[in-house]
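Enquirer: The structure is given below, and queries will be raised subsequently.
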Amino acid sequence: MKKSPVLLLINPWIYDFAAHDFFARPLGLLYLASFLAEQGFEVRLLDCLDTPHARSGTFGTGRYPKEILPTPQALQGIPRRYGRYGITEADFRARLAATPRPDAILVTSLMTYWYPGVQAAISLAREQFPGTPVILGGIYATLCPEHAGKHRGADFLATGPGEESILSNLAAAGLPVPAYAETLDLDSLPYPALHLLSHLSYLPLLTSRGCPLDCLYCASRLLQPNYRRRRPPAVAEEIWYWQERLGLQDVAFYDDALLLDPENHLLVILEELERRGLSCRFHTPNGLHTRLITPEVARRLRRAGFATLRLGVETTGLGPERLDHKLQAGELEEALANLREAGFRREEIGVYLLIGLPGQDEEEVINSIRRVKELGGAPVLAQYSPIPGTALWPQAVAVSRYDLESDPLFHNNSLFPCWPRFSWERYSRLKRLVKD
Ligand code: B12
Ligand code: SF4
């Protein structure tokens, strides 16, 4: 029998000032892994973030191990400790050494400003396997193709959804690939290869890809140009499948637009789970569309066991300066009242407030924090990260005190790159206001 080509899939380290596993797993790479296994490849995974940290927080979240590193030249002067999050370099080398020589190495990428981790992983993998082709894909590769192409040491760069491009990239790298008829039907893809992770503590789940809205600061459309949904029974079946095998109760939705058209999507999924007698604890680390939280939706979320809610609100201001089309007068008030009425406690209702936007006034943030608290929600400050290709990018570049176009390190949200008068003291004041 002919031997299957071996592919080594790598999820690199995070290099940053701060990182927390708040339901973060490399779902894109895991989807690619199962897709390739189905196409006949032998797939090996090396996930730099798959450490036993997970149970240090609630619901399987937690703190990654961190090794302090020198701060890169471009970020000098930031009074926080830069470092590498995840497994140690020695561990990475040992795992590479224990892997049979692969026919190709596939590397994923997430935040644009985490590229030093990508670079480090590629360079060590090349040391161990000289001559093996390296293909880089994922979010950083898609949002910064020029930078990724020039600087990261891969032989091939893949942008956009990997299922559409990986076979032609492997063929270009000289591997034999099967014929494959592309499909837009998400339910025809195999489940992500969650079983390859050693320390999984919750199920990451996607019921759709993309988002039909177009908020000025968001990259959703650049990453997934078509909004597509799975069929509700297929989603329920996947949850059942993983619960049977992995016995995990916590489920984290990764959707950009989970709540759209609830009567035909999320509520049907929840109904199906109830019919099957499945009990889960759900988390929505990505913001939900606030205006869609009707009394009925709120009741159903409560009954189904939603434990971590995050609402995508940006700001409570309703003037023309809003950068999204997500909220109109009275909608936040109504959504929060509906959630409280359904039995959610304040600390369970996290309301994302985007801070550090170009031209954003600190007063507006203060008002938003106060308003959310008054309404019975818990404000959660989400620091803005400027993203190339988004409608807000030109303005971000114009106001930033960093040369955003020269280096994606400057997209780091910890820098507040688009608040010209930023100071840690101001930020601490805002954080205190959230807590008080
Ligand atoms: C889920 C999600 C999260 C999750 C966890 C993500 C994770 N795995 O770690 C949570 C909620 C924790 C999160 C947090 C944040 N996130 Co986020 N997140 C997302 C989201 C919605 C989906 C990512 C995802 O899993 N998609 C599903 C999979 C299937 O798609 P995928 O990863 O892209 O993979 C596909 C392709 O890229 C490709 N591919 C992937 N790897 C490879 C490899 C090869 C070789 C090939 C060929 C192809 C390939 O094929 C895959 C399958 O089709 C994206 C937006 C989006 N629509 O993508 C934002 C996004 C990545 N997040 C973003 C931001 C800003 C943040 C935060 C900073 C928000 C904040 N202010 O706090 C934090 C920071 C996280 C941290 N740890 O510090 C930005 C990116 C900013 C940037 N500069 O890069 C995005 C783009 C959203 C946006 N605003 O537009 N996030
Ligand atoms: S609603 Fe959310 S996912 Fe959709 S475009 Fe706006 S920020 Fe992006």
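Please note that chains go A, B, ... in the order of the structure tokens, that every chain numbers its residues from 1, and that ligands are numbered from 1 in the order shown.
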Write down as a PDB file with N, CA and C atoms, in the first residue's frame the residues belonging to stretch 74-210 of chain A that are assigned alpha helix (DSSP H) by DSSP computed on the backbone.
Expert:
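Result saved to states.pdb:
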```pdb
ATOM      1  N   GLU A  89      10.536  26.501  24.514  1.00  0.00           N
ATOM      2  CA  GLU A  89      11.224  26.236  23.251  1.00  0.00           C
ATOM      3  C   GLU A  89      11.810  24.824  23.249  1.00  0.00           C
ATOM      4  N   ALA A  90      12.287  24.386  24.431  1.00  0.00           N
ATOM      5  CA  ALA A  90      12.862  23.042  24.536  1.00  0.00           C
ATOM      6  C   ALA A  90      11.791  21.995  24.220  1.00  0.00           C
ATOM      7  N   ASP A  91      10.612  22.230  24.732  1.00  0.00           N
ATOM      8  CA  ASP A  91       9.506  21.309  24.485  1.00  0.00           C
ATOM      9  C   ASP A  91       9.169  21.276  22.983  1.00  0.00           C
ATOM     10  N   PHE A  92       9.164  22.472  22.376  1.00  0.00           N
ATOM     11  CA  PHE A  92       8.871  22.566  20.937  1.00  0.00           C
ATOM     12  C   PHE A  92       9.892  21.747  20.145  1.00  0.00           C
ATOM     13  N   ARG A  93      11.168  21.931  20.491  1.00  0.00           N
ATOM     14  CA  ARG A  93      12.227  21.199  19.778  1.00  0.00           C
ATOM     15  C   ARG A  93      12.065  19.691  19.980  1.00  0.00           C
ATOM     16  N   ALA A  94      11.731  19.293  21.221  1.00  0.00           N
ATOM     17  CA  ALA A  94      11.594  17.858  21.512  1.00  0.00           C
ATOM     18  C   ALA A  94      10.431  17.269  20.699  1.00  0.00           C
ATOM     19  N   ARG A  95       9.346  18.050  20.606  1.00  0.00           N
ATOM     20  CA  ARG A  95       8.191  17.534  19.846  1.00  0.00           C
ATOM     21  C   ARG A  95       8.517  17.445  18.355  1.00  0.00           C
ATOM     22  N   LEU A  96       9.275  18.408  17.858  1.00  0.00           N
ATOM     23  CA  LEU A  96       9.683  18.332  16.447  1.00  0.00           C
ATOM     24  C   LEU A  96      10.525  17.079  16.224  1.00  0.00           C
ATOM     25  N   ALA A  97      11.454  16.849  17.162  1.00  0.00           N
ATOM     26  CA  ALA A  97      12.372  15.720  17.001  1.00  0.00           C
ATOM     27  C   ALA A  97      11.610  14.392  17.034  1.00  0.00           C
ATOM     28  N   TYR A 115       2.944  37.973  14.922  1.00  0.00           N
ATOM     29  CA  TYR A 115       3.768  37.316  13.902  1.00  0.00           C
ATOM     30  C   TYR A 115       5.149  36.862  14.382  1.00  0.00           C
ATOM     31  N   PRO A 116       5.746  37.498  15.440  1.00  0.00           N
ATOM     32  CA  PRO A 116       7.044  36.965  15.874  1.00  0.00           C
ATOM     33  C   PRO A 116       6.969  35.484  16.293  1.00  0.00           C
ATOM     34  N   GLY A 117       5.830  35.071  16.795  1.00  0.00           N
ATOM     35  CA  GLY A 117       5.652  33.659  17.169  1.00  0.00           C
ATOM     36  C   GLY A 117       5.653  32.768  15.930  1.00  0.00           C
ATOM     37  N   VAL A 118       5.049  33.274  14.865  1.00  0.00           N
ATOM     38  CA  VAL A 118       4.996  32.551  13.595  1.00  0.00           C
ATOM     39  C   VAL A 118       6.422  32.384  13.056  1.00  0.00           C
ATOM     40  N   GLN A 119       7.130  33.491  13.100  1.00  0.00           N
ATOM     41  CA  GLN A 119       8.501  33.513  12.594  1.00  0.00           C
ATOM     42  C   GLN A 119       9.382  32.518  13.375  1.00  0.00           C
ATOM     43  N   ALA A 120       9.246  32.540  14.705  1.00  0.00           N
ATOM     44  CA  ALA A 120      10.072  31.655  15.547  1.00  0.00           C
ATOM     45  C   ALA A 120       9.752  30.191  15.257  1.00  0.00           C
ATOM     46  N   ALA A 121       8.458  29.880  15.144  1.00  0.00           N
ATOM     47  CA  ALA A 121       8.071  28.482  14.916  1.00  0.00           C
ATOM     48  C   ALA A 121       8.584  28.002  13.552  1.00  0.00           C
ATOM     49  N   ILE A 122       8.460  28.864  12.537  1.00  0.00           N
ATOM     50  CA  ILE A 122       8.908  28.463  11.199  1.00  0.00           C
ATOM     51  C   ILE A 122      10.421  28.251  11.205  1.00  0.00           C
ATOM     52  N   SER A 123      11.121  29.146  11.861  1.00  0.00           N
ATOM     53  CA  SER A 123      12.574  29.024  11.799  1.00  0.00           C
ATOM     54  C   SER A 123      13.062  27.760  12.524  1.00  0.00           C
ATOM     55  N   LEU A 124      12.444  27.407  13.660  1.00  0.00           N
ATOM     56  CA  LEU A 124      12.866  26.178  14.354  1.00  0.00           C
ATOM     57  C   LEU A 124      12.464  24.926  13.559  1.00  0.00           C
ATOM     58  N   ALA A 125      11.295  25.000  12.942  1.00  0.00           N
ATOM     59  CA  ALA A 125      10.850  23.832  12.153  1.00  0.00           C
ATOM     60  C   ALA A 125      11.786  23.631  10.957  1.00  0.00           C
ATOM     61  N   ARG A 126      12.228  24.727  10.381  1.00  0.00           N
ATOM     62  CA  ARG A 126      13.161  24.631   9.237  1.00  0.00           C
ATOM     63  C   ARG A 126      14.504  24.034   9.659  1.00  0.00           C
ATOM     64  N   GLU A 127      14.939  24.424  10.867  1.00  0.00           N
ATOM     65  CA  GLU A 127      16.201  23.872  11.386  1.00  0.00           C
ATOM     66  C   GLU A 127      16.110  22.356  11.482  1.00  0.00           C
ATOM     67  N   GLN A 128      14.965  21.884  11.999  1.00  0.00           N
ATOM     68  CA  GLN A 128      14.801  20.435  12.201  1.00  0.00           C
ATOM     69  C   GLN A 128      14.566  19.713  10.872  1.00  0.00           C
ATOM     70  N   ILE A 139      -5.106  34.091   9.748  1.00  0.00           N
ATOM     71  CA  ILE A 139      -5.625  35.460   9.807  1.00  0.00           C
ATOM     72  C   ILE A 139      -4.542  36.508   9.510  1.00  0.00           C
ATOM     73  N   TYR A 140      -3.390  36.383  10.157  1.00  0.00           N
ATOM     74  CA  TYR A 140      -2.291  37.333   9.858  1.00  0.00           C
ATOM     75  C   TYR A 140      -1.906  37.234   8.380  1.00  0.00           C
ATOM     76  N   ALA A 141      -1.783  36.015   7.866  1.00  0.00           N
ATOM     77  CA  ALA A 141      -1.390  35.828   6.461  1.00  0.00           C
ATOM     78  C   ALA A 141      -2.414  36.476   5.526  1.00  0.00           C
ATOM     79  N   THR A 142      -3.691  36.421   5.898  1.00  0.00           N
ATOM     80  CA  THR A 142      -4.747  36.978   5.049  1.00  0.00           C
ATOM     81  C   THR A 142      -4.808  38.506   5.148  1.00  0.00           C
ATOM     82  N   LEU A 143      -4.587  39.020   6.346  1.00  0.00           N
ATOM     83  CA  LEU A 143      -4.723  40.473   6.530  1.00  0.00           C
ATOM     84  C   LEU A 143      -3.450  41.238   6.160  1.00  0.00           C
ATOM     85  N   PRO A 145      -0.774  40.088   3.787  1.00  0.00           N
ATOM     86  CA  PRO A 145      -0.078  39.144   2.910  1.00  0.00           C
ATOM     87  C   PRO A 145       1.303  39.624   2.485  1.00  0.00           C
ATOM     88  N   GLU A 146       1.434  40.936   2.293  1.00  0.00           N
ATOM     89  CA  GLU A 146       2.741  41.429   1.834  1.00  0.00           C
ATOM     90  C   GLU A 146       3.802  41.226   2.896  1.00  0.00           C
ATOM     91  N   HIS A 147       3.464  41.624   4.110  1.00  0.00           N
ATOM     92  CA  HIS A 147       4.396  41.488   5.225  1.00  0.00           C
ATOM     93  C   HIS A 147       4.711  40.011   5.455  1.00  0.00           C
ATOM     94  N   ALA A 148       3.667  39.191   5.464  1.00  0.00           N
ATOM     95  CA  ALA A 148       3.855  37.757   5.734  1.00  0.00           C
ATOM     96  C   ALA A 148       4.691  37.120   4.628  1.00  0.00           C
ATOM     97  N   GLY A 149       4.465  37.559   3.403  1.00  0.00           N
ATOM     98  CA  GLY A 149       5.205  36.988   2.279  1.00  0.00           C
ATOM     99  C   GLY A 149       6.686  37.351   2.348  1.00  0.00           C
ATOM    100  N   LYS A 150       6.953  38.595   2.712  1.00  0.00           N
ATOM    101  CA  LYS A 150       8.344  39.075   2.702  1.00  0.00           C
ATOM    102  C   LYS A 150       9.146  38.563   3.870  1.00  0.00           C
ATOM    103  N   HIS A 151       8.496  38.524   5.053  1.00  0.00           N
ATOM    104  CA  HIS A 151       9.319  38.415   6.256  1.00  0.00           C
ATOM    105  C   HIS A 151       9.269  37.088   6.997  1.00  0.00           C
ATOM    106  N   GLY A 162      -8.777  28.045   4.207  1.00  0.00           N
ATOM    107  CA  GLY A 162      -7.768  27.080   3.771  1.00  0.00           C
ATOM    108  C   GLY A 162      -8.314  25.946   2.928  1.00  0.00           C
ATOM    109  N   GLU A 163      -9.580  25.567   3.202  1.00  0.00           N
ATOM    110  CA  GLU A 163     -10.141  24.435   2.457  1.00  0.00           C
ATOM    111  C   GLU A 163     -10.112  24.724   0.950  1.00  0.00           C
ATOM    112  N   GLU A 164     -10.151  26.031   0.607  1.00  0.00           N
ATOM    113  CA  GLU A 164     -10.218  26.383  -0.813  1.00  0.00           C
ATOM    114  C   GLU A 164      -8.858  26.396  -1.489  1.00  0.00           C
ATOM    115  N   SER A 165      -7.788  26.535  -0.720  1.00  0.00           N
ATOM    116  CA  SER A 165      -6.488  26.733  -1.365  1.00  0.00           C
ATOM    117  C   SER A 165      -5.430  25.697  -1.018  1.00  0.00           C
ATOM    118  N   ILE A 166      -5.665  24.924   0.037  1.00  0.00           N
ATOM    119  CA  ILE A 166      -4.548  24.123   0.543  1.00  0.00           C
ATOM    120  C   ILE A 166      -4.105  23.034  -0.445  1.00  0.00           C
ATOM    121  N   LEU A 167      -5.052  22.441  -1.176  1.00  0.00           N
ATOM    122  CA  LEU A 167      -4.635  21.351  -2.075  1.00  0.00           C
ATOM    123  C   LEU A 167      -3.771  21.889  -3.212  1.00  0.00           C
ATOM    124  N   SER A 168      -4.130  23.083  -3.726  1.00  0.00           N
ATOM    125  CA  SER A 168      -3.289  23.606  -4.808  1.00  0.00           C
ATOM    126  C   SER A 168      -1.923  24.027  -4.273  1.00  0.00           C
ATOM    127  N   ASN A 169      -1.877  24.498  -3.021  1.00  0.00           N
ATOM    128  CA  ASN A 169      -0.578  24.824  -2.425  1.00  0.00           C
ATOM    129  C   ASN A 169       0.276  23.568  -2.229  1.00  0.00           C
ATOM    130  N   LEU A 170      -0.363  22.493  -1.780  1.00  0.00           N
ATOM    131  CA  LEU A 170       0.398  21.246  -1.578  1.00  0.00           C
ATOM    132  C   LEU A 170       0.895  20.716  -2.922  1.00  0.00           C
ATOM    133  N   ALA A 171       0.050  20.854  -3.950  1.00  0.00           N
ATOM    134  CA  ALA A 171       0.468  20.404  -5.284  1.00  0.00           C
ATOM    135  C   ALA A 171       1.659  21.236  -5.759  1.00  0.00           C
ATOM    136  N   ALA A 172       1.582  22.565  -5.509  1.00  0.00           N
ATOM    137  CA  ALA A 172       2.700  23.432  -5.915  1.00  0.00           C
ATOM    138  C   ALA A 172       3.971  23.060  -5.157  1.00  0.00           C
TER     139      ALA A 172
END
```
Enquirer: Need to verify the contact set: stretch 196-208 of chain A, 6 Å, only C-alpha atoms, exclusion of same-chain residues closer than 6 positions in sequence. Can you return it as a PDB file with C-alpha atoms, in the first residue's frame?
Expert:
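Result file result.pdb:
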```
ATOM      1  CA  ASP A  50      -1.896  23.297  24.112  1.00  0.00           C
ATOM      2  CA  PRO A  52      -2.190  22.112  30.905  1.00  0.00           C
ATOM      3  CA  GLY A  60     -11.871  25.603  31.308  1.00  0.00           C
ATOM      4  CA  ARG A 228     -22.808  31.016   5.432  1.00  0.00           C
ATOM      5  CA  ARG A 229     -24.710  29.015   8.031  1.00  0.00           C
ATOM      6  CA  ARG A 230     -24.841  25.381   9.003  1.00  0.00           C
ATOM      7  CA  LEU A 248     -16.965  18.148  27.899  1.00  0.00           C
ATOM      8  CA  ASP A 250     -18.594  23.741  28.149  1.00  0.00           C
ATOM      9  CA  VAL A 251     -19.199  24.946  24.598  1.00  0.00           C
ATOM     10  CA  ALA A 252     -17.734  28.203  23.240  1.00  0.00           C
ATOM     11  CA  PHE A 253     -19.273  29.703  20.106  1.00  0.00           C
ATOM     12  CA  TYR A 254     -16.760  31.303  17.700  1.00  0.00           C
ATOM     13  CA  ASP A 255     -19.377  32.743  15.330  1.00  0.00           C
TER      14      ASP A 255
END
```
Enquirer: Write out as a tab-separated table the residues of chain A that have any atom within 6 Å of an atom of ligand 2, one row each with the nearest atom pair and its distance in Å to one decimal, counting only C-alpha atoms and all ligand atoms, sorted by chain and then rising number.
Expert:
```
residue	atom	partner	partner_atom_place_in_ligand_line	distance
A:Cys211	CA	ligand 2	4 (Fe)	4.6
A:Leu213	CA	ligand 2	5 (S)	4.4
A:Asp214	CA	ligand 2	5 (S)	4.0
A:Cys215	CA	ligand 2	6 (Fe)	4.1
A:Cys218	CA	ligand 2	8 (Fe)	4.6
A:Ser220	CA	ligand 2	8 (Fe)	5.2
A:Asp256	CA	ligand 2	3 (S)	4.3
A:Ala257	CA	ligand 2	3 (S)	5.9
```
Enquirer: So, counting only C-alpha atoms, which residue among A:Leu278, A:Leu430, A:Ala173, A:Leu222 is closest to A:Val380?
Expert: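 Among A:Leu278, A:Leu430, A:Ala173, A:Leu222, it is A:Leu430 that comes nearest to A:Val380.
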Enquirer: Kindly indicate which residue among A:Leu136, A:Cys280, A:Val351, A:Leu9 lies nearest to A:Gly312, using only C-alpha atoms for the distances.
Expert: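 Ranked by minimum distance to A:Gly312, first place goes to A:Val351.
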Enquirer: Grab the atom CA of A:Glu362 to atom CA of A:Asp407 distance for me, in Å with one decimal place.
Expert: 26.7 Å
Enquirer: Would you please work out which residue, of A:Thr71, A:Ser385, A:Asn226, A:Asn367, is nearest to ligand 1 when using only C-alpha atoms and all ligand atoms?
Expert: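 Ranked by minimum distance to ligand 1, first place goes to A:Ser385.
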Enquirer: Among stretch 242-435 of chain A, which residues does DSSP mark as strand (DSSP E) when it is run on the backbone? Keep the chain and numbering as in the structure and answer as an MDAnalysis selection string.
Expert: chainID A and resid 250:253 281:283 288:289 306:314 349:355 378:383
Enquirer: From the options A:Leu270, A:Leu409, A:Ala179, A:Val43, which residue's atoms come nearest to ligand 1, counting only C-alpha atoms and all ligand atoms?
Expert: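 Looking only at the distances to ligand 1, the closest residue turns out to be A:Leu409.
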Enquirer: By how many Å are atom CA of A:Pro386 and atom CA of A:Asn413 apart?
Expert: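 Rounded to one decimal, the two atoms are 7.9 Å apart.
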Enquirer: Just checking: using only C-alpha atoms, which residue out of A:Glu274, A:Glu341, A:Glu363, A:Glu331 ends up closest to A:Pro295?
Expert: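 Counting only C-alpha atoms, the residue closest to A:Pro295 is A:Glu341.
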Enquirer: Could you pull the residues within 10 Å of A:Gly305, counting only C-alpha atoms, minus those fewer than 2 positions along the same chain, as number ranges by chain?
Expert: A: 250, 270, 279-283, 300-303, 307-308
